[in-house]
>>> print(open('my_file27.txt').read())   # compact mmCIF, C-alpha atoms
# COMPACT_ATOMS: atom_id res chain seq x y z
CA MET A 1 12.06 5.41 62.14
CA LYS A 2 13.21 2.45 60.10
CA SER A 3 9.66 1.28 59.53
CA GLN A 4 8.63 4.85 58.63
CA SER A 5 11.48 4.99 56.14
CA ARG A 6 10.41 1.67 54.62
CA LEU A 7 6.82 2.91 54.43
CA LEU A 8 7.99 6.05 52.67
CA LYS A 9 10.05 3.97 50.22
CA GLU A 10 7.08 1.77 49.48
CA GLN A 11 4.89 4.84 48.98
CA ILE A 12 7.43 6.30 46.54
CA LEU A 13 7.69 2.99 44.70
CA GLY A 14 3.91 2.78 44.60
CA LEU A 15 3.65 6.30 43.20
CA MET A 16 6.33 5.54 40.61
CA LEU A 17 4.51 2.38 39.61
CA ALA A 18 1.23 4.25 39.32
CA TRP A 19 2.92 6.94 37.23
CA CYS A 20 4.50 4.31 34.98
CA MET A 21 1.22 2.51 34.51
CA ALA A 22 -0.53 5.79 33.73
CA ALA A 23 2.19 6.79 31.29
CA LEU A 24 2.08 3.40 29.64
CA SER A 25 -1.69 3.53 29.39
CA ALA A 26 -1.56 6.99 27.83
CA ALA A 27 1.18 5.92 25.44
CA THR A 28 -0.85 3.01 24.13
CA GLU A 29 -3.91 5.12 23.39
CA PRO A 30 -4.78 5.38 19.70
CA THR A 31 -2.86 8.11 17.94
CA SER A 32 -5.97 9.44 16.31
CA SER A 33 -8.76 11.51 17.67
CA LYS A 34 -12.32 11.54 16.45
CA ALA A 35 -12.65 15.08 17.70
CA ALA A 36 -13.04 17.81 15.13
CA PRO A 37 -9.69 19.08 13.92
CA ALA A 38 -8.51 22.30 15.50
CA ALA A 39 -9.56 25.25 13.42
CA ASP A 40 -6.00 26.54 13.28
CA ALA A 41 -4.72 23.20 11.98
CA LYS A 42 -7.29 23.26 9.21
CA GLN A 43 -6.34 26.84 8.41
CA GLN A 44 -2.64 25.96 8.35
CA LEU A 45 -3.38 23.13 5.96
CA MET A 46 -5.34 25.43 3.67
CA ASP A 47 -2.52 27.97 3.84
CA LEU A 48 -0.08 25.24 2.82
CA GLU A 49 -2.30 24.41 -0.13
CA LYS A 50 -2.27 28.06 -1.18
CA GLU A 51 1.51 28.15 -0.80
CA TRP A 52 1.77 25.07 -3.00
CA ALA A 53 -0.50 26.62 -5.65
CA ALA A 54 1.44 29.91 -5.59
CA ALA A 55 4.73 27.99 -5.90
CA GLU A 56 3.37 26.23 -8.98
CA ASP A 57 2.22 29.52 -10.53
CA LYS A 58 5.64 31.13 -9.94
CA GLY A 59 7.64 28.07 -10.96
CA ASP A 60 9.20 28.05 -7.50
CA LEU A 61 10.66 24.53 -7.62
CA ALA A 62 12.42 24.84 -4.25
CA ALA A 63 9.15 25.60 -2.49
CA ILE A 64 7.34 22.77 -4.27
CA ARG A 65 10.18 20.38 -3.44
CA ARG A 66 9.92 21.36 0.24
CA ILE A 67 6.20 20.67 0.34
CA LEU A 68 6.31 17.34 -1.48
CA ASP A 69 7.54 14.18 0.20
CA GLU A 70 10.31 12.33 -1.63
CA ARG A 71 7.88 9.51 -2.33
CA PHE A 72 5.20 11.90 -3.59
CA VAL A 73 3.04 10.49 -6.36
CA ALA A 74 0.58 12.46 -8.49
CA THR A 75 -2.08 11.03 -10.75
CA TYR A 76 -3.57 13.08 -13.56
CA GLY A 77 -5.97 11.11 -15.68
CA ALA A 78 -4.22 7.97 -16.87
CA LYS A 79 -0.75 9.14 -15.90
CA THR A 80 1.11 8.90 -12.64
CA TYR A 81 4.15 11.03 -11.81
CA ASP A 82 6.76 10.84 -9.11
CA ARG A 83 8.06 14.01 -7.43
CA GLU A 84 10.71 14.77 -10.05
CA GLY A 85 8.29 14.08 -12.88
CA PHE A 86 5.73 16.35 -11.26
CA LEU A 87 8.28 19.17 -10.77
CA GLN A 88 9.05 19.18 -14.48
CA PHE A 89 5.59 20.64 -15.12
CA PHE A 90 6.73 23.85 -13.47
CA ALA A 91 10.31 24.05 -14.79
CA GLY A 92 9.58 26.01 -17.97
CA ASP A 93 8.55 29.61 -18.65
CA VAL A 94 6.41 31.23 -15.99
CA ASP A 95 2.99 32.49 -17.07
CA PRO A 96 2.61 35.82 -15.20
CA THR A 97 -1.17 35.58 -15.49
CA ALA A 98 -1.36 32.12 -13.89
CA SER A 99 -3.43 31.82 -10.75
CA GLN A 100 -5.32 29.12 -8.91
CA THR A 101 -8.41 29.32 -6.74
CA LEU A 102 -9.02 26.49 -4.30
CA THR A 103 -12.33 25.46 -2.79
CA TYR A 104 -12.86 22.58 -0.37
CA ASP A 105 -15.36 19.73 -0.24
CA ALA A 106 -13.70 17.95 2.68
CA VAL A 107 -10.75 18.42 5.01
CA ILE A 108 -10.13 15.37 7.20
CA ILE A 109 -7.38 15.54 9.81
CA ASP A 110 -6.68 12.38 11.79
CA GLY A 111 -3.52 12.13 13.84
CA ASP A 112 -0.58 12.55 11.51
CA THR A 113 -2.68 12.13 8.37
CA ALA A 114 -4.72 14.69 6.49
CA VAL A 115 -6.82 14.37 3.36
CA VAL A 116 -8.08 17.35 1.43
CA VAL A 117 -10.71 17.04 -1.30
CA GLY A 118 -11.53 20.09 -3.33
CA THR A 119 -11.63 21.90 -6.63
CA ASP A 120 -8.70 23.78 -8.10
CA THR A 121 -9.72 26.37 -10.67
CA ALA A 122 -6.69 27.44 -12.68
CA HIS A 123 -6.57 30.60 -14.79
CA GLY A 124 -3.84 31.59 -17.17
CA THR A 125 -2.81 32.33 -20.72
CA SER A 126 -1.78 29.78 -23.30
CA GLU A 127 -0.60 30.84 -26.77
CA GLY A 128 -2.10 34.29 -26.21
CA ALA A 129 -5.51 33.03 -25.19
CA ALA A 130 -6.87 33.15 -21.66
CA TYR A 131 -8.06 29.85 -20.25
CA THR A 132 -9.80 28.49 -17.17
CA VAL A 133 -9.50 24.84 -16.14
CA ALA A 134 -11.08 23.25 -13.07
CA TYR A 135 -9.73 20.09 -11.42
CA LYS A 136 -11.31 17.97 -8.73
CA TYR A 137 -8.47 16.79 -6.53
CA THR A 138 -7.67 14.66 -3.49
CA ALA A 139 -4.43 15.36 -1.63
CA THR A 140 -2.99 13.31 1.22
CA TYR A 141 -0.59 14.83 3.75
CA THR A 142 1.44 13.17 6.46
CA SER A 143 3.51 14.71 9.23
CA PRO A 144 7.28 14.40 8.97
CA ARG A 145 9.23 12.08 11.20
CA ALA A 146 10.99 14.81 13.15
CA MET A 147 7.69 16.16 14.37
CA ALA A 148 6.64 12.82 15.81
CA THR A 149 9.50 12.15 18.20
CA ASP A 150 7.45 12.94 21.28
CA SER A 151 4.56 10.58 21.21
CA ARG A 152 2.49 12.43 23.80
CA ALA A 153 2.95 15.85 22.27
CA HIS A 154 2.42 14.19 18.93
CA ARG A 155 -1.02 13.02 19.95
CA GLN A 156 -2.03 16.25 21.59
CA GLY A 157 -0.83 18.46 18.80
CA ALA A 158 -1.11 16.08 15.93
CA ALA A 159 -3.52 18.16 13.95
CA SER A 160 -1.23 21.15 13.76
CA GLU A 161 1.81 18.96 13.19
CA VAL A 162 0.27 17.66 10.02
CA VAL A 163 0.40 21.13 8.66
CA THR A 164 3.30 22.82 10.38
CA GLY A 165 5.83 20.58 8.77
CA GLY A 166 3.51 18.60 6.57
CA CYS A 167 4.61 16.67 3.55
CA LEU A 168 2.34 15.92 0.67
CA ILE A 169 2.59 12.27 -0.21
CA ALA A 170 -0.03 11.91 -2.89
CA THR A 171 -2.49 13.78 -5.00
CA SER A 172 -5.01 12.77 -7.59
CA ALA A 173 -6.82 15.14 -9.91
CA LEU A 174 -9.34 15.11 -12.71
CA GLY A 175 -10.11 17.94 -15.09
CA LEU A 176 -13.80 18.81 -14.91
CA MET B 1 8.64 -14.89 55.19
CA LYS B 2 11.10 -12.61 53.50
CA VAL B 3 13.22 -14.25 50.84
CA LYS B 4 16.62 -12.63 50.49
CA SER B 5 18.55 -12.75 47.29
CA THR B 6 22.34 -13.15 47.22
CA PHE B 7 22.68 -9.35 47.17
CA GLY B 8 20.46 -8.88 50.20
CA ILE B 9 17.52 -7.54 48.21
CA THR B 10 14.10 -8.88 49.04
CA LEU B 11 12.13 -10.71 46.37
CA LYS B 12 9.44 -8.03 46.68
CA GLN B 13 12.01 -5.33 45.94
CA GLN B 14 13.27 -7.31 42.95
CA ILE B 15 9.74 -7.64 41.57
CA VAL B 16 9.08 -3.94 42.08
CA GLY B 17 12.40 -3.10 40.43
CA LEU B 18 11.70 -5.36 37.46
CA THR B 19 8.21 -3.92 37.10
CA LEU B 20 9.63 -0.40 37.14
CA ALA B 21 12.26 -1.33 34.57
CA CYS B 22 9.59 -2.84 32.34
CA CYS B 23 7.40 0.24 32.71
CA ILE B 24 10.25 2.59 31.88
CA ALA B 25 11.30 0.49 28.88
CA ALA B 26 7.72 0.27 27.62
CA SER B 27 7.21 3.98 28.14
CA ALA B 28 10.40 4.76 26.22
CA ALA B 29 9.35 2.47 23.40
CA ALA B 30 5.93 4.07 23.25
CA THR B 31 7.41 7.53 22.78
CA GLU B 32 9.31 6.49 19.70
CA PRO B 33 7.97 7.88 16.44
CA THR B 34 5.04 5.89 15.16
CA SER B 35 6.30 6.02 11.63
CA SER B 36 9.52 4.98 9.99
CA GLN B 37 11.44 6.12 6.96
CA ALA B 38 12.49 2.52 6.39
CA ALA B 39 11.00 0.55 3.53
CA PRO B 40 7.48 -0.54 4.41
CA PRO B 41 7.27 -4.01 5.89
CA ALA B 42 6.19 -6.53 3.32
CA ASP B 43 3.39 -7.71 5.57
CA ALA B 44 1.86 -4.21 5.81
CA LYS B 45 1.91 -3.92 2.03
CA GLN B 46 0.36 -7.35 1.74
CA GLN B 47 -2.28 -6.44 4.34
CA LEU B 48 -3.26 -3.41 2.30
CA MET B 49 -3.40 -5.32 -0.96
CA ASP B 50 -5.50 -8.02 0.69
CA LEU B 51 -7.81 -5.34 2.05
CA GLN B 52 -8.17 -3.83 -1.41
CA GLU B 53 -9.20 -7.26 -2.74
CA GLU B 54 -11.65 -7.70 0.13
CA TRP B 55 -13.10 -4.27 -0.60
CA ALA B 56 -13.52 -5.05 -4.30
CA THR B 57 -15.18 -8.40 -3.53
CA ALA B 58 -17.51 -6.72 -1.03
CA GLU B 59 -18.56 -4.27 -3.74
CA ASP B 60 -19.17 -7.09 -6.22
CA LYS B 61 -21.26 -9.05 -3.70
CA HIS B 62 -22.95 -5.98 -2.18
CA ASP B 63 -21.58 -6.98 1.19
CA LEU B 64 -22.46 -3.74 2.94
CA ALA B 65 -21.27 -4.90 6.38
CA THR B 66 -17.77 -5.51 5.05
CA LEU B 67 -17.73 -2.17 3.25
CA ARG B 68 -18.85 -0.45 6.43
CA ARG B 69 -15.98 -2.11 8.31
CA ILE B 70 -13.32 -1.17 5.76
CA LEU B 71 -14.36 2.47 5.37
CA ASP B 72 -13.68 5.05 8.06
CA ASP B 73 -16.77 6.97 9.20
CA ARG B 74 -15.34 10.11 7.59
CA PHE B 75 -14.60 8.33 4.30
CA VAL B 76 -14.97 10.49 1.23
CA ALA B 77 -14.98 9.21 -2.36
CA THR B 78 -14.59 11.30 -5.47
CA PHE B 79 -15.80 10.06 -8.85
CA GLY B 80 -15.61 12.60 -11.64
CA ALA B 81 -17.03 15.87 -10.35
CA LYS B 82 -18.98 14.25 -7.52
CA THR B 83 -18.02 13.57 -3.93
CA TYR B 84 -19.71 10.96 -1.73
CA ASP B 85 -19.59 10.33 1.99
CA LYS B 86 -19.51 6.82 3.47
CA ASP B 87 -23.27 6.23 3.50
CA ALA B 88 -23.78 7.57 -0.01
CA PHE B 89 -20.90 5.44 -1.29
CA ILE B 90 -22.21 2.26 0.38
CA GLY B 91 -25.70 3.11 -0.86
CA SER B 92 -24.46 2.70 -4.42
CA PHE B 93 -23.97 -1.04 -3.79
CA THR B 94 -27.57 -1.87 -2.94
CA GLY B 95 -29.99 -3.43 -5.41
CA ASP B 96 -29.57 -6.40 -7.69
CA ILE B 97 -26.21 -8.12 -7.73
CA ASP B 98 -24.54 -8.74 -11.08
CA PRO B 99 -23.18 -12.32 -10.74
CA THR B 100 -20.72 -11.73 -13.57
CA ARG B 101 -19.19 -8.69 -11.96
CA SER B 102 -15.52 -8.81 -11.02
CA GLN B 103 -12.67 -6.42 -10.43
CA THR B 104 -8.97 -6.90 -11.10
CA LEU B 105 -6.60 -4.60 -9.26
CA THR B 106 -3.09 -3.60 -10.23
CA TYR B 107 -0.70 -1.39 -8.30
CA GLU B 108 1.40 1.52 -9.52
CA ALA B 109 2.45 2.75 -6.10
CA VAL B 110 2.10 1.61 -2.51
CA ILE B 111 3.40 4.26 -0.10
CA ILE B 112 3.36 3.36 3.58
CA ASP B 113 4.44 5.97 6.12
CA GLY B 114 3.81 4.81 9.65
CA ASP B 115 0.05 4.62 10.04
CA THR B 116 -0.69 6.31 6.74
CA ALA B 117 -0.78 4.59 3.37
CA VAL B 118 -1.59 5.62 -0.16
CA LEU B 119 -2.24 3.11 -2.93
CA VAL B 120 -2.39 4.07 -6.58
CA GLY B 121 -3.34 1.64 -9.32
CA ASP B 122 -5.87 0.48 -11.86
CA ASP B 123 -9.17 -1.24 -11.22
CA THR B 124 -10.46 -3.19 -14.22
CA GLU B 125 -14.12 -3.85 -13.69
CA ARG B 126 -16.07 -6.43 -15.70
CA GLY B 127 -19.76 -7.18 -15.62
CA THR B 128 -22.96 -7.30 -17.59
CA ARG B 129 -25.32 -4.42 -18.14
CA GLN B 130 -28.65 -4.96 -19.92
CA GLY B 131 -27.35 -8.27 -21.23
CA VAL B 132 -24.16 -6.82 -22.65
CA ALA B 133 -20.76 -7.54 -21.17
CA PHE B 134 -18.67 -4.49 -20.33
CA THR B 135 -15.16 -3.69 -19.20
CA LYS B 136 -14.06 -0.37 -17.76
CA VAL B 137 -10.80 0.69 -16.22
CA GLY B 138 -10.43 3.23 -13.44
CA ARG B 139 -7.27 4.75 -12.01
CA TYR B 140 -7.68 4.88 -8.24
CA THR B 141 -5.89 6.65 -5.43
CA VAL B 142 -6.86 5.43 -1.96
CA THR B 143 -5.68 6.81 1.37
CA TYR B 144 -5.66 4.50 4.38
CA ILE B 145 -5.02 5.13 8.06
CA ARG B 146 -4.16 2.41 10.58
CA ARG B 147 -6.02 2.58 13.88
CA HIS B 148 -5.87 -0.09 16.59
CA GLY B 149 -3.91 -2.26 14.14
CA GLN B 150 -6.66 -2.04 11.54
CA TRP B 151 -6.32 -0.26 8.19
CA LEU B 152 -9.29 1.95 7.34
CA ALA B 153 -9.96 3.68 4.03
CA LEU B 154 -10.19 7.43 4.54
CA ALA B 155 -10.50 8.64 0.95
CA GLU B 156 -10.66 7.42 -2.62
CA GLN B 157 -10.52 9.20 -5.94
CA MET B 158 -11.36 7.20 -9.04
CA ILE B 159 -10.79 8.42 -12.57
CA ILE B 160 -12.34 6.35 -15.34
CA LEU B 161 -9.79 5.94 -18.11
CA PRO B 162 -10.72 6.31 -21.75
CA GLN B 163 -11.04 3.03 -23.65
CA GLY B 164 -7.74 1.78 -25.02
CA LYS B 165 -5.60 3.41 -22.34
>>> encode(input="my_file27.txt", output="structure tokens")
Amino acid sequence: MKSQSRLLKEQILGLMLAWCMAALSAATEPTSSKAAPAADAKQQLMDLEKEWAAAEDKGDLAAIRRILDERFVATYGAKTYDREGFLQFFAGDVDPTASQTLTYDAVIIDGDTAVVVGTDTAHGTSEGAAYTVAYKYTATYTSPRAMATDSRAHRQGAASEVVTGGCLIATSALGL
Amino acid sequence: MKVKSTFGITLKQQIVGLTLACCIAASAAATEPTSSQAAPPADAKQQLMDLQEEWATAEDKHDLATLRRILDDRFVATFGAKTYDKDAFIGSFTGDIDPTRSQTLTYEAVIIDGDTAVLVGDDTERGTRQGVAFTKVGRYTVTYIRRHGQWLALAEQMIILPQGK
């Protein structure tokens, strides 16, 4: 009985060791995946882009502030703006005819990072005259800290996490 | 021979216990968030700036192997209205090398968030074209990801600035 008990203990210890080693091995895997991003993650990201564009059109500073990381930096031509500087663009009168149409050249989702490259075609009215301006842009998103507390879930669901609570950390655009 | 410790625990049990403790501690550490809100470590920033220099030098010398190593396979570059994938981008550095070509990089912003980084700055390029020296300045935004301890460029957008800016 005593030897059986010891055997059982050793078996339990062995199983625990094996579990620990497996957990450790899984935990040290790269956080990224070369697999194609989940379609829903890509869609969520595109939805977030639309939400951002709509917030700009409506001058909804609270929504823009929520989407942009505190360290957000935007580059337009020769000028670079931080988050507060960028928000000032949308603090004045709202143009009720303003709208933006987004098309995508590339959407790359890798772990907690996403890059979107596309064209933003903006329509609106300035001084009584309708205008259309197209911008080629690159936007970089990262997932927020709170979403990354569980490393395993983080890896498995990283693609959607980018978008679900994503923060935009940088964008660069050029008028075409 | 069983070696007993002062508390009557066998050496084997102590080793197993220590191993378990190490495993649990390592597992706990591995489940911590990969990123940190803290200021980026100076060495990570320096690594990225060094990599940018290496990238620029590889372009100047048409060192395609180095470019291929720095750029992620899904790399996408945007210049003006055009977008290039990794192969198309690297393909633009084949042909004759301009021995006078050089690039000077400056930095407006270096944002590091865990394994994601964005660098914004100016790239002043000098060289000779058809016997005439030229200088042009581009504002770049580059996104990097860190995988297996190695930073890889995932995207770049370059905007050529008008002269005098």
>>> closest_residue(input="my_file27.txt", among="A:Ala129, A:Phe89, A:Gly111, A:Gln43", to="chain B", atoms="all atoms listed in the file")
A:Gly111
>>> atom_distance(input="my_file27.txt", atom1="atom CA of A:Thr103", atom2="atom CA of A:Val117")
8.7 Å
>>> atom_distance(input="my_file27.txt", atom1="atom CA of B:Thr116", atom2="atom CA of A:Thr113")
6.4 Å
>>> atom_distance(input="my_file27.txt", atom1="atom CA of B:Lys136", atom2="atom CA of B:Leu105")
12.1 Å
>>> residues_near_point(input="my_file27.txt", point="(-12.1, 2.3, 4.8)", cutoff="10 Å", atoms="all atoms listed in the file", output="number ranges by chain")
B: 51-52, 55, 66-76, 86, 142-146, 150-156
>>> closest_residue(input="my_file27.txt", among="B:Ala77, B:Asp122, B:Leu64, B:Asp113", to="B:Thr94", atoms="all atoms listed in the file")
B:Leu64
>>> closest_residue(input="my_file27.txt", among="B:Phe89, B:Gln163, B:Ser102, B:Thr141", to="chain A", atoms="only C-alpha atoms")
B:Thr141
